[in-house]
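As provided, structure37.pdb (PDB, C-alpha atoms) reads as follows.
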```
MODEL        1
ATOM      1  CA  MET X  62       0.000   0.000   0.000
ATOM      2  CA  ASN X  63       1.466   3.392  -0.919
ATOM      3  CA  SER X  64       1.104   6.557   1.138
ATOM      4  CA  THR X  65      -1.383   8.123  -1.305
ATOM      5  CA  VAL X  66      -3.796   5.231  -0.868
ATOM      6  CA  ALA X  67      -3.288   5.254   2.912
ATOM      7  CA  ARG X  68      -4.520   8.847   3.138
ATOM      8  CA  THR X  69      -7.745   8.154   1.234
ATOM      9  CA  VAL X  70      -9.057   5.350   3.452
ATOM     10  CA  PRO X  71     -10.630   5.805   6.903
ATOM     11  CA  MET X  72      -8.051   6.130   9.660
ATOM     12  CA  LEU X  73      -8.106   5.445  13.378
ATOM     13  CA  ARG X  74      -6.668   8.301  15.418
ATOM     14  CA  TYR X  75      -4.860   8.143  18.753
ATOM     15  CA  SER X  76      -3.371  10.538  21.255
ATOM     16  CA  VAL X  77      -0.162   9.379  22.947
ATOM     17  CA  VAL X  78       1.360  10.986  26.037
ATOM     18  CA  HIS X  79       4.753   9.549  27.019
ATOM     19  CA  GLU X  80       6.351  10.928  30.177
ATOM     20  CA  THR X  81       9.876  10.035  31.321
ATOM     21  CA  ARG X  82      11.136  11.274  34.675
ATOM     22  CA  TYR X  83      14.641  10.802  36.101
ATOM     23  CA  THR X  84      15.056  11.655  39.789
ATOM     24  CA  TYR X  85      18.709  11.933  40.867
ATOM     25  CA  GLN X  86      20.301  11.604  44.285
ATOM     26  CA  SER X  87      22.507  14.654  43.742
ATOM     27  CA  LEU X  88      22.702  17.558  41.308
ATOM     28  CA  VAL X  89      23.212  16.937  37.620
ATOM     29  CA  THR X  90      25.186  19.781  36.070
ATOM     30  CA  LEU X  91      25.120  18.553  32.457
ATOM     31  CA  SER X  92      22.688  16.224  30.663
ATOM     32  CA  GLN X  93      22.960  15.209  27.010
ATOM     33  CA  GLN X  94      20.160  13.027  25.659
ATOM     34  CA  LEU X  95      19.097  11.329  22.435
ATOM     35  CA  LEU X  96      15.368  10.737  21.866
ATOM     36  CA  HIS X  97      13.526   8.305  19.600
ATOM     37  CA  MET X  98      10.064   9.579  20.582
ATOM     38  CA  ALA X  99       8.703  11.017  17.329
ATOM     39  CA  PRO X 100       6.237   8.570  15.704
ATOM     40  CA  ARG X 101       7.321   7.345  12.301
ATOM     41  CA  CYS X 102       5.374   8.322   9.159
ATOM     42  CA  PHE X 103       4.922   5.544   6.599
ATOM     43  CA  ALA X 104       2.250   3.926   4.444
ATOM     44  CA  VAL X 105      -0.177   2.944   7.215
ATOM     45  CA  GLN X 106       0.698   5.608   9.796
ATOM     46  CA  GLN X 107       0.738   9.387   9.716
ATOM     47  CA  THR X 108       1.823  11.753  12.504
ATOM     48  CA  GLU X 109      -0.615  14.643  12.771
ATOM     49  CA  SER X 110       1.243  16.407  15.585
ATOM     50  CA  HIS X 111       4.243  15.856  17.852
ATOM     51  CA  ASN X 112       5.676  17.991  20.606
ATOM     52  CA  VAL X 113       8.354  17.438  23.260
ATOM     53  CA  LEU X 114       8.598  19.397  26.517
ATOM     54  CA  VAL X 115      11.819  19.176  28.554
ATOM     55  CA  ASP X 116      12.067  20.435  32.132
ATOM     56  CA  PRO X 117      14.526  22.020  32.886
ATOM     57  CA  GLY X 118      14.565  23.706  29.502
ATOM     58  CA  VAL X 119      17.179  22.770  26.927
ATOM     59  CA  ASP X 120      20.169  24.941  26.076
ATOM     60  CA  GLU X 121      20.649  23.293  22.706
ATOM     61  CA  GLY X 122      18.387  20.998  20.690
ATOM     62  CA  VAL X 123      18.864  19.451  17.245
ATOM     63  CA  ASP X 124      16.401  17.362  15.226
ATOM     64  CA  GLY X 125      17.597  14.828  12.684
ATOM     65  CA  VAL X 126      17.170  11.391  11.124
ATOM     66  CA  ASP X 127      19.146   8.263  11.964
ATOM     67  CA  PHE X 128      20.544   5.584   9.631
ATOM     68  CA  PHE X 129      17.213   3.729   9.572
ATOM     69  CA  GLY X 130      15.145   6.815   8.729
ATOM     70  CA  ASN X 131      13.768   7.362  12.243
ATOM     71  CA  ALA X 132      13.303  10.907  13.526
ATOM     72  CA  ILE X 133      15.655  11.727  16.416
ATOM     73  CA  ARG X 134      16.180  14.672  18.726
ATOM     74  CA  ARG X 135      19.379  15.532  20.586
ATOM     75  CA  PHE X 136      19.371  18.043  23.403
ATOM     76  CA  THR X 137      21.616  19.438  26.128
ATOM     77  CA  VAL X 138      20.582  20.733  29.558
ATOM     78  CA  THR X 139      23.134  22.721  31.560
ATOM     79  CA  THR X 140      20.775  24.021  34.258
ATOM     80  CA  PRO X 141      21.656  22.158  37.486
ATOM     81  CA  HIS X 142      18.805  19.804  38.379
ATOM     82  CA  LYS X 143      17.805  16.790  40.444
ATOM     83  CA  VAL X 144      14.783  15.926  38.275
ATOM     84  CA  LEU X 145      14.712  15.653  34.468
ATOM     85  CA  ARG X 146      11.252  15.410  32.925
ATOM     86  CA  VAL X 147      10.628  14.713  29.242
ATOM     87  CA  LEU X 148       7.022  14.824  28.026
ATOM     88  CA  ALA X 149       6.285  13.718  24.448
ATOM     89  CA  GLU X 150       2.769  14.286  23.118
ATOM     90  CA  SER X 151       1.668  12.964  19.726
ATOM     91  CA  THR X 152      -1.448  12.548  17.625
ATOM     92  CA  ILE X 153      -1.251   9.598  15.243
ATOM     93  CA  ALA X 154      -3.541   8.290  12.489
ATOM     94  CA  LEU X 155      -3.518   4.640  11.406
ATOM     95  CA  ALA X 156      -4.813   3.100   8.182
ATOM     96  CA  ALA X 157      -5.681  -0.567   7.731
ATOM     97  CA  ARG X 158      -2.843  -3.096   7.607
ATOM     98  CA  PRO X 159      -2.982  -6.409   5.734
ATOM     99  CA  GLY X 160      -5.175  -8.898   7.581
ATOM    100  CA  ILE X 161      -5.013 -12.664   7.921
ATOM    101  CA  ALA X 162      -6.797 -13.169   4.600
ATOM    102  CA  GLN X 163      -4.317 -10.940   2.773
ATOM    103  CA  ILE X 164      -1.240 -12.697   4.155
ATOM    104  CA  ALA X 165      -2.682 -16.195   3.704
ATOM    105  CA  VAL X 166      -0.820 -16.658   0.438
ATOM    106  CA  SER X 167       2.860 -15.772   0.538
ATOM    107  CA  PRO X 168       5.971 -17.284  -1.084
ATOM    108  CA  ARG X 169       7.674 -20.271   0.441
ATOM    109  CA  TRP X 170      10.141 -19.105   3.041
ATOM    110  CA  GLU X 171      13.026 -20.772   1.175
ATOM    111  CA  THR X 172      12.108 -18.745  -1.929
ATOM    112  CA  VAL X 173      12.392 -15.513   0.059
ATOM    113  CA  ARG X 174      15.675 -16.631   1.636
ATOM    114  CA  ASP X 175      17.171 -17.358  -1.776
ATOM    115  CA  MET X 176      15.811 -14.130  -3.282
ATOM    116  CA  VAL X 177      17.417 -12.068  -0.527
ATOM    117  CA  GLN X 178      20.775 -13.690  -1.240
ATOM    118  CA  GLN X 179      20.619 -13.182  -4.997
ATOM    119  CA  SER X 180      18.488 -10.140  -5.884
ATOM    120  CA  ARG X 181      19.839  -6.610  -6.296
ATOM    121  CA  GLN X 182      16.458  -4.871  -6.218
ATOM    122  CA  PRO X 183      16.568  -1.732  -4.020
ATOM    123  CA  ALA X 184      13.850  -2.907  -1.619
ATOM    124  CA  ILE X 185      15.595  -6.236  -1.094
ATOM    125  CA  LEU X 186      18.995  -4.612  -0.663
ATOM    126  CA  ASP X 187      17.456  -2.377   2.008
ATOM    127  CA  ALA X 188      15.985  -5.437   3.735
ATOM    128  CA  CYS X 189      19.481  -6.930   3.948
ATOM    129  CA  SER X 190      20.274  -4.351   6.656
ATOM    130  CA  TYR X 191      18.147  -6.545   8.939
ATOM    131  CA  LEU X 192      19.669  -9.893   8.013
ATOM    132  CA  PHE X 193      22.737 -10.120  10.242
ATOM    133  CA  GLU X 194      23.630 -10.303  13.919
ATOM    134  CA  SER X 195      23.420  -7.053  15.885
ATOM    135  CA  PRO X 196      24.352  -5.998  19.437
ATOM    136  CA  HIS X 197      21.324  -7.649  21.097
ATOM    137  CA  VAL X 198      20.472 -10.269  18.470
ATOM    138  CA  ARG X 199      23.127 -12.975  18.425
ATOM    139  CA  TRP X 200      21.894 -16.493  17.855
ATOM    140  CA  ASN X 201      23.173 -20.031  18.259
ATOM    141  CA  ALA X 202      22.068 -23.470  17.103
ATOM    142  CA  ALA X 203      19.348 -23.680  19.773
ATOM    143  CA  VAL X 204      17.744 -20.426  18.633
ATOM    144  CA  GLU X 205      17.851 -21.564  15.000
ATOM    145  CA  GLN X 206      16.337 -24.936  15.859
ATOM    146  CA  TYR X 207      13.524 -23.281  17.820
ATOM    147  CA  ALA X 208      12.607 -21.259  14.723
ATOM    148  CA  ARG X 209      12.907 -24.241  12.352
ATOM    149  CA  THR X 210      10.044 -25.987  14.130
ATOM    150  CA  SER X 211       7.771 -23.398  12.492
ATOM    151  CA  PHE X 212       9.702 -23.067   9.236
ATOM    152  CA  THR X 213       9.198 -26.533   7.849
ATOM    153  CA  PRO X 214      10.190 -27.247   4.217
ATOM    154  CA  GLY X 215       7.973 -25.478   1.683
ATOM    155  CA  ARG X 216       5.841 -23.608   4.238
ATOM    156  CA  PRO X 217       4.651 -20.122   3.206
ATOM    157  CA  LEU X 218       6.771 -17.406   4.830
ATOM    158  CA  LEU X 219       4.049 -15.477   6.635
ATOM    159  CA  ASP X 220       2.179 -18.587   7.747
ATOM    160  CA  ALA X 221       5.395 -19.813   9.361
ATOM    161  CA  ALA X 222       6.026 -16.389  10.921
ATOM    162  CA  LEU X 223       2.552 -16.349  12.456
ATOM    163  CA  ASP X 224       3.139 -19.853  13.832
ATOM    164  CA  LEU X 225       6.430 -18.746  15.403
ATOM    165  CA  THR X 226       4.613 -15.750  16.905
ATOM    166  CA  SER X 227       2.047 -18.077  18.506
ATOM    167  CA  ARG X 228       4.653 -20.522  19.777
ATOM    168  CA  ILE X 229       6.627 -17.809  21.563
ATOM    169  CA  PHE X 230       3.433 -16.625  23.232
ATOM    170  CA  ASP X 231       2.580 -20.175  24.329
ATOM    171  CA  ASP X 232       6.086 -21.211  25.398
ATOM    172  CA  PHE X 233       7.231 -18.115  27.305
ATOM    173  CA  GLU X 234       6.058 -16.366  30.452
ATOM    174  CA  PHE X 235       5.976 -12.585  30.676
ATOM    175  CA  ASP X 236       8.195 -11.674  33.631
ATOM    176  CA  GLY X 237       9.599  -8.188  34.080
ATOM    177  CA  ASN X 238      12.172  -9.389  36.611
ATOM    178  CA  ALA X 239      13.625 -12.316  34.672
ATOM    179  CA  THR X 240      15.867 -10.415  32.245
ATOM    180  CA  ASP X 241      17.488  -7.093  31.467
ATOM    181  CA  ILE X 242      18.418  -5.600  28.117
ATOM    182  CA  ALA X 243      21.822  -7.350  28.194
ATOM    183  CA  THR X 244      20.358 -10.861  28.630
ATOM    184  CA  PRO X 245      21.492 -12.980  25.631
ATOM    185  CA  LEU X 246      18.977 -14.836  23.475
ATOM    186  CA  GLU X 247      20.177 -18.273  24.542
ATOM    187  CA  GLN X 248      19.439 -17.377  28.168
ATOM    188  CA  VAL X 249      15.974 -16.093  27.259
ATOM    189  CA  LEU X 250      15.346 -19.316  25.343
ATOM    190  CA  ALA X 251      16.552 -21.513  28.199
ATOM    191  CA  GLY X 252      14.636 -19.636  30.902
ATOM    192  CA  ARG X 253      11.409 -19.275  28.876
ATOM    193  CA  ARG X 254      10.713 -15.914  30.573
ATOM    194  CA  GLY X 255      11.130 -12.260  29.653
ATOM    195  CA  VAL X 256       9.457  -9.115  28.360
ATOM    196  CA  CYS X 257       8.375  -7.814  24.970
ATOM    197  CA  GLN X 258      11.902  -6.797  23.953
ATOM    198  CA  ASP X 259      13.155 -10.320  24.699
ATOM    199  CA  PHE X 260      10.374 -12.013  22.763
ATOM    200  CA  ALA X 261      10.806  -9.687  19.783
ATOM    201  CA  GLN X 262      14.571 -10.163  19.688
ATOM    202  CA  LEU X 263      14.257 -13.940  20.084
ATOM    203  CA  MET X 264      11.896 -14.094  17.116
ATOM    204  CA  ILE X 265      14.189 -11.831  15.105
ATOM    205  CA  GLY X 266      17.189 -14.031  15.942
ATOM    206  CA  GLY X 267      15.333 -17.120  14.789
ATOM    207  CA  LEU X 268      14.282 -15.509  11.507
ATOM    208  CA  ARG X 269      17.740 -14.119  10.725
ATOM    209  CA  SER X 270      19.374 -17.458  11.542
ATOM    210  CA  LEU X 271      17.329 -18.889   8.660
ATOM    211  CA  GLY X 272      18.443 -16.146   6.267
ATOM    212  CA  LEU X 273      15.244 -14.084   6.552
ATOM    213  CA  PRO X 274      15.315 -10.288   7.110
ATOM    214  CA  ALA X 275      13.545  -9.198  10.288
ATOM    215  CA  ARG X 276      13.558  -5.850  12.046
ATOM    216  CA  TYR X 277      12.802  -4.675  15.571
ATOM    217  CA  VAL X 278       9.883  -2.254  15.869
ATOM    218  CA  SER X 279       9.546   0.115  18.824
ATOM    219  CA  GLY X 280       6.293   1.819  19.713
ATOM    220  CA  TYR X 281       3.173   1.654  21.817
ATOM    221  CA  ILE X 282       0.124  -0.556  22.147
ATOM    222  CA  GLN X 283      -3.254   0.444  23.448
ATOM    223  CA  THR X 284      -4.195  -1.624  26.489
ATOM    224  CA  HIS X 285      -7.707  -2.326  27.721
ATOM    225  CA  PRO X 286      -8.823  -2.188  31.363
ATOM    226  CA  PRO X 287     -10.716  -5.091  32.942
ATOM    227  CA  ALA X 288     -14.442  -5.122  32.256
ATOM    228  CA  GLY X 289     -16.202  -2.419  34.212
ATOM    229  CA  GLN X 290     -12.970  -0.659  35.200
ATOM    230  CA  PRO X 291     -11.954   2.816  33.986
ATOM    231  CA  ARG X 292      -8.890   3.417  31.869
ATOM    232  CA  LEU X 293      -5.956   4.511  34.033
ATOM    233  CA  ILE X 294      -3.765   7.431  33.010
ATOM    234  CA  GLY X 295      -0.208   6.216  32.412
ATOM    235  CA  ALA X 296      -1.184   2.541  32.392
ATOM    236  CA  ASP X 297      -0.138   1.857  28.798
ATOM    237  CA  ALA X 298       3.467   1.055  27.987
ATOM    238  CA  SER X 299       6.252   1.236  25.470
ATOM    239  CA  HIS X 300       6.174  -1.913  23.388
ATOM    240  CA  ALA X 301       8.214  -3.877  20.867
ATOM    241  CA  TRP X 302       7.375  -6.306  18.098
ATOM    242  CA  VAL X 303       8.771  -7.765  14.853
ATOM    243  CA  ALA X 304       8.489  -6.947  11.155
ATOM    244  CA  VAL X 305       9.150  -9.708   8.606
ATOM    245  CA  PHE X 306      10.145  -8.874   5.032
ATOM    246  CA  CYS X 307       7.943 -10.369   2.309
ATOM    247  CA  PRO X 308       8.798  -9.257  -1.249
ATOM    248  CA  GLU X 309       5.147  -9.193  -2.341
ATOM    249  CA  LEU X 310       3.760  -7.245   0.644
ATOM    250  CA  GLY X 311       6.771  -5.423   2.033
ATOM    251  CA  TRP X 312       7.174  -5.503   5.812
ATOM    252  CA  VAL X 313       4.509  -7.384   7.773
ATOM    253  CA  ASP X 314       4.387  -6.937  11.559
ATOM    254  CA  PHE X 315       3.856  -9.638  14.188
ATOM    255  CA  ASP X 316       3.587  -9.299  17.979
ATOM    256  CA  PRO X 317       4.805 -12.423  19.840
ATOM    257  CA  THR X 318       4.010 -10.873  23.243
ATOM    258  CA  ASN X 319       0.318 -10.713  22.316
ATOM    259  CA  ARG X 320       0.156 -13.588  19.804
ATOM    260  CA  CYS X 321      -1.150 -11.497  16.950
ATOM    261  CA  LEU X 322      -0.674 -10.094  13.510
ATOM    262  CA  VAL X 323      -0.284  -6.358  14.124
ATOM    263  CA  GLN X 324      -3.421  -4.473  13.141
ATOM    264  CA  SER X 325      -5.017  -1.299  14.553
ATOM    265  CA  GLU X 326      -3.718  -0.876  18.120
ATOM    266  CA  HIS X 327       0.060  -0.767  17.567
ATOM    267  CA  LEU X 328       1.613   2.685  17.118
ATOM    268  CA  THR X 329       5.114   2.770  15.636
ATOM    269  CA  LEU X 330       7.893   5.028  16.900
ATOM    270  CA  GLY X 331      10.642   3.565  14.747
ATOM    271  CA  TRP X 332      12.564   0.479  13.724
ATOM    272  CA  GLY X 333      16.085  -0.853  13.661
ATOM    273  CA  ARG X 334      18.137  -4.006  14.087
ATOM    274  CA  ASP X 335      17.310  -4.350  17.799
ATOM    275  CA  PHE X 336      16.494  -2.354  20.936
ATOM    276  CA  SER X 337      19.803  -0.492  20.888
ATOM    277  CA  ASP X 338      18.927   1.259  17.601
ATOM    278  CA  VAL X 339      15.610   2.731  18.798
ATOM    279  CA  THR X 340      15.884   3.186  22.568
ATOM    280  CA  PRO X 341      13.249   5.869  23.366
ATOM    281  CA  MET X 342      15.665   7.917  25.497
ATOM    282  CA  ARG X 343      19.336   7.491  26.308
ATOM    283  CA  GLY X 344      22.197   9.771  27.184
ATOM    284  CA  VAL X 345      24.944  10.792  29.572
ATOM    285  CA  VAL X 346      24.909  13.015  32.652
ATOM    286  CA  LEU X 347      27.544  14.732  34.743
ATOM    287  CA  GLY X 348      26.804  14.177  38.415
ATOM    288  CA  GLY X 349      23.532  12.779  39.704
ATOM    289  CA  GLY X 350      24.724   9.680  41.533
ATOM    290  CA  ALA X 351      22.015   7.059  41.994
ATOM    291  CA  HIS X 352      18.758   7.708  40.171
ATOM    292  CA  GLU X 353      15.176   6.522  39.878
ATOM    293  CA  LEU X 354      13.420   6.198  36.524
ATOM    294  CA  GLN X 355       9.641   6.532  36.107
ATOM    295  CA  VAL X 356       7.907   6.097  32.744
ATOM    296  CA  SER X 357       4.205   6.445  32.027
ATOM    297  CA  VAL X 358       2.389   6.137  28.708
ATOM    298  CA  THR X 359      -1.244   6.936  27.936
ATOM    299  CA  VAL X 360      -2.748   5.903  24.584
ATOM    300  CA  THR X 361      -6.201   7.363  23.997
ATOM    301  CA  PRO X 362      -8.436   6.654  20.962
ATOM    302  CA  LEU X 363      -9.797   9.829  19.384
ATOM    303  CA  ALA X 364     -13.100  10.297  17.617
TER
ENDMDL
END
```

Encoded form using structure tokens:
Amino acid sequence: MNSTVARTVPMLRYSVVHETRYTYQSLVTLSQQLLHMAPRCFAVQQTESHNVLVDPGVDEGVDGVDFFGNAIRRFTVTTPHKVLRVLAESTIALAARPGIAQIAVSPRWETVRDMVQQSRQPAILDACSYLFESPHVRWNAAVEQYARTSFTPGRPLLDAALDLTSRIFDDFEFDGNATDIATPLEQVLAGRRGVCQDFAQLMIGGLRSLGLPARYVSGYIQTHPPAGQPRLIGADASHAWVAVFCPELGWVDFDPTNRCLVQSEHLTLGWGRDFSDVTPMRGVVLGGGAHELQVSVTVTPLA
């Protein structure tokens, strides 16, 4: 689907408020930060508005684009502070993505693997950026074998990818205390526990080990309160999922944490090889000592 078509079909609209607050034990005299908080514009998603508020105010700020085409913002704060607050507010419109019926017929996964190795088409050459090991996606024989259970000989690519998505959901337990961002894939696989970043990177490792391009997608997902309960401000969360390259459809997104083909409730910030390419906020500070990090996200559907 091209961007012209995407703008002519009905879109779902969302407001996103993402607040990050660092509270430091002692004064910070210099803070330099890099943000990946501007939603990405592409065929099925358009950013209607985006604004970032930094408290204390910035002395220098620069907007740009990274290697993968994601919007970034760099800023410097020299006002001494014990609390750094970054508030990103966005309005995003989503068009329809391919559904189960549309992905039902896709090439055999071996055909895609071989095409990636041989073709020099621009789209396929671009996909090759997501074919190799990266800082947080390094696989071994066990990771490859786990993926091969889904990728049986002759199976259609996207059918196999959806099966792998479901298996990760069934086989792994969501546990925010089981891993950190440095936990290697083999440890995630052995422990069968982790968070969305772990599950996304495990799936990506399995796909790449088979010669299939896969990229890490960072963003948000709308959550739903229990029946009869009100939505809570700040109760949503940053999220991560996987995009699989299919020559006929382009990139198709799957969410192993929620066992689904990505449709209308996933909002994309950006994509890269793994978490390290699209960390929402990272930087260096002078001073501060120990610190506490608080993050809240609110995703609200708009009429």

Chain and number of each residue from the PyMOL selection byres ((chain X and resi 141) around 9), as a compact mmCIF listing (two decimals) with C-alpha atoms, in the frame of the given file:
```
# COMPACT_ATOMS: atom_id res chain seq x y z
CA LEU X 88 22.70 17.56 41.31
CA VAL X 89 23.21 16.94 37.62
CA THR X 90 25.19 19.78 36.07
CA LEU X 91 25.12 18.55 32.46
CA PRO X 117 14.53 22.02 32.89
CA VAL X 138 20.58 20.73 29.56
CA THR X 139 23.13 22.72 31.56
CA THR X 140 20.78 24.02 34.26
CA HIS X 142 18.80 19.80 38.38
CA LYS X 143 17.80 16.79 40.44
```

Please, what distance in Å, to one decimal, runs between CA of Gln178 (chain X) and CA of Gly333 (chain X)?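 Separating CA of Gln178 (chain X) from CA of Gly333 (chain X) is a distance of 20.2 Å.
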
Run the PyMOL selection byres ((chain X and resi 177) around 9) against the file shown and list the residues it catches, as a list of chain:residue names. X:Thr172, X:Val173, X:Arg174, X:Asp175, X:Met176, X:Gln178, X:Gln179, X:Ser180, X:Arg181, X:Ile185, X:Leu186, X:Ala188, X:Cys189, X:Gly272, X:Leu273, X:Pro274

What's around region 243-247 of chain X at 12 Å? Count all atoms listed in the file, leave out sequence neighbours fewer than 5 positions away in its own chain, and write the answer as an MDAnalysis selection string. chainID X and resid 194:207 238 252:256 258:267 335:337

Interatomic distance (Å, one decimal) between CA of Gly289 (chain X) and CA of Gly237 (chain X): 26.4 Å

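Selection check: the PyMOL selection byres ((chain X and resi 86) around 8) on the shown file gives Thr84, Tyr85, Ser87, Leu88, Lys143, Gly349, Gly350, Ala351 and His352 of chain X.
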
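With all atoms listed in the file as the atoms that count, the residue of X:Val115, X:Val78, X:Ala208, X:Ile153 with the shortest distance to Cys102 (chain X) is X:Ile153.
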
Tell me, counting all atoms listed in the file, for each residue of region 287-328 of chain X within 12 Å of region 154-158 of chain X, which pair of atoms is nearest and how far apart they are in Å to one decimal, in rows ordered by chain and increasing number, as a tab-separated table.
```
residue	atom	partner	partner_atom	distance
X:Leu310	CA	X:Arg158	CA	10.5
X:Gly311	CA	X:Arg158	CA	11.4
X:Trp312	CA	X:Arg158	CA	10.5
X:Val313	CA	X:Arg158	CA	8.5
X:Asp314	CA	X:Arg158	CA	9.1
X:Phe315	CA	X:Arg158	CA	11.4
X:Leu322	CA	X:Arg158	CA	9.4
X:Val323	CA	X:Arg158	CA	7.7
X:Gln324	CA	X:Arg158	CA	5.7
X:Ser325	CA	X:Leu155	CA	6.9
X:Glu326	CA	X:Leu155	CA	8.7
X:His327	CA	X:Leu155	CA	8.9
X:Leu328	CA	X:Leu155	CA	7.9
```

So that I can see what lies close to Ser211 (chain X), please list as a list of chain:residue names the residues with an atom at most 9 Å from it, counting only C-alpha atoms and leaving out residues fewer than 4 positions away in the same chain.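 Answer for this query is X:Tyr207, X:Arg216, X:Asp220, X:Ala221, X:Ala222, X:Leu223, X:Asp224, X:Leu225, X:Arg228.
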
d(CA of Ala149 (chain X), CA of Thr81 (chain X)) in Å: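 Rounded to one decimal, the two atoms are 8.6 Å apart.
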
Might you pull out every residue within 6 Å of Gly344 (chain X), with only C-alpha atoms counted and same-chain residues fewer than 5 positions away left off, and present them as a PyMOL selection string? chain X and resi 93-95

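Around Val358 (chain X), within 10 Å and counting all atoms listed in the file, the residues found are Val77, Val78, His79, Glu80, Thr81, Leu148, Ala149, Glu150, Tyr281, Ile282, Gln283, Ile294, Gly295, Ala296, Asp297, Ala298 and Ser299 of chain X, once anything fewer than 6 positions away on its own chain is removed.
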
How about saving the chosen residues, C-alpha atoms kept, as a CSV table (one decimal), in the frame of the given file?
```
chain,number,residue,atom,x,y,z
X,77,VAL,CA,-0.2,9.4,22.9
X,78,VAL,CA,1.4,11.0,26.0
X,79,HIS,CA,4.8,9.5,27.0
X,80,GLU,CA,6.4,10.9,30.2
X,81,THR,CA,9.9,10.0,31.3
X,148,LEU,CA,7.0,14.8,28.0
X,149,ALA,CA,6.3,13.7,24.4
X,150,GLU,CA,2.8,14.3,23.1
X,281,TYR,CA,3.2,1.7,21.8
X,282,ILE,CA,0.1,-0.6,22.1
X,283,GLN,CA,-3.3,0.4,23.4
X,294,ILE,CA,-3.8,7.4,33.0
X,295,GLY,CA,-0.2,6.2,32.4
X,296,ALA,CA,-1.2,2.5,32.4
X,297,ASP,CA,-0.1,1.9,28.8
X,298,ALA,CA,3.5,1.1,28.0
X,299,SER,CA,6.3,1.2,25.5
```

Emit as lines of an AutoDock Vina configuration file the padded axis-aligned box for all listed atoms of region 196-212 of chain X, 6 Å per side, with centre and edge lengths in Å to one decimal.
```
center_x = 16.1
center_y = -16.0
center_z = 15.2
size_x = 28.6
size_y = 32.0
size_z = 23.9
```

Nearest residue to Ala162 (chain X) out of X:Leu219, X:Asp120, X:Gly130, X:Ala251, using all atoms listed in the file? X:Leu219

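Distances to Phe233 (chain X) were evaluated for X:Val249, X:Val356, X:Phe193, X:Val123 using only C-alpha atoms, and the minimum falls at X:Val249.
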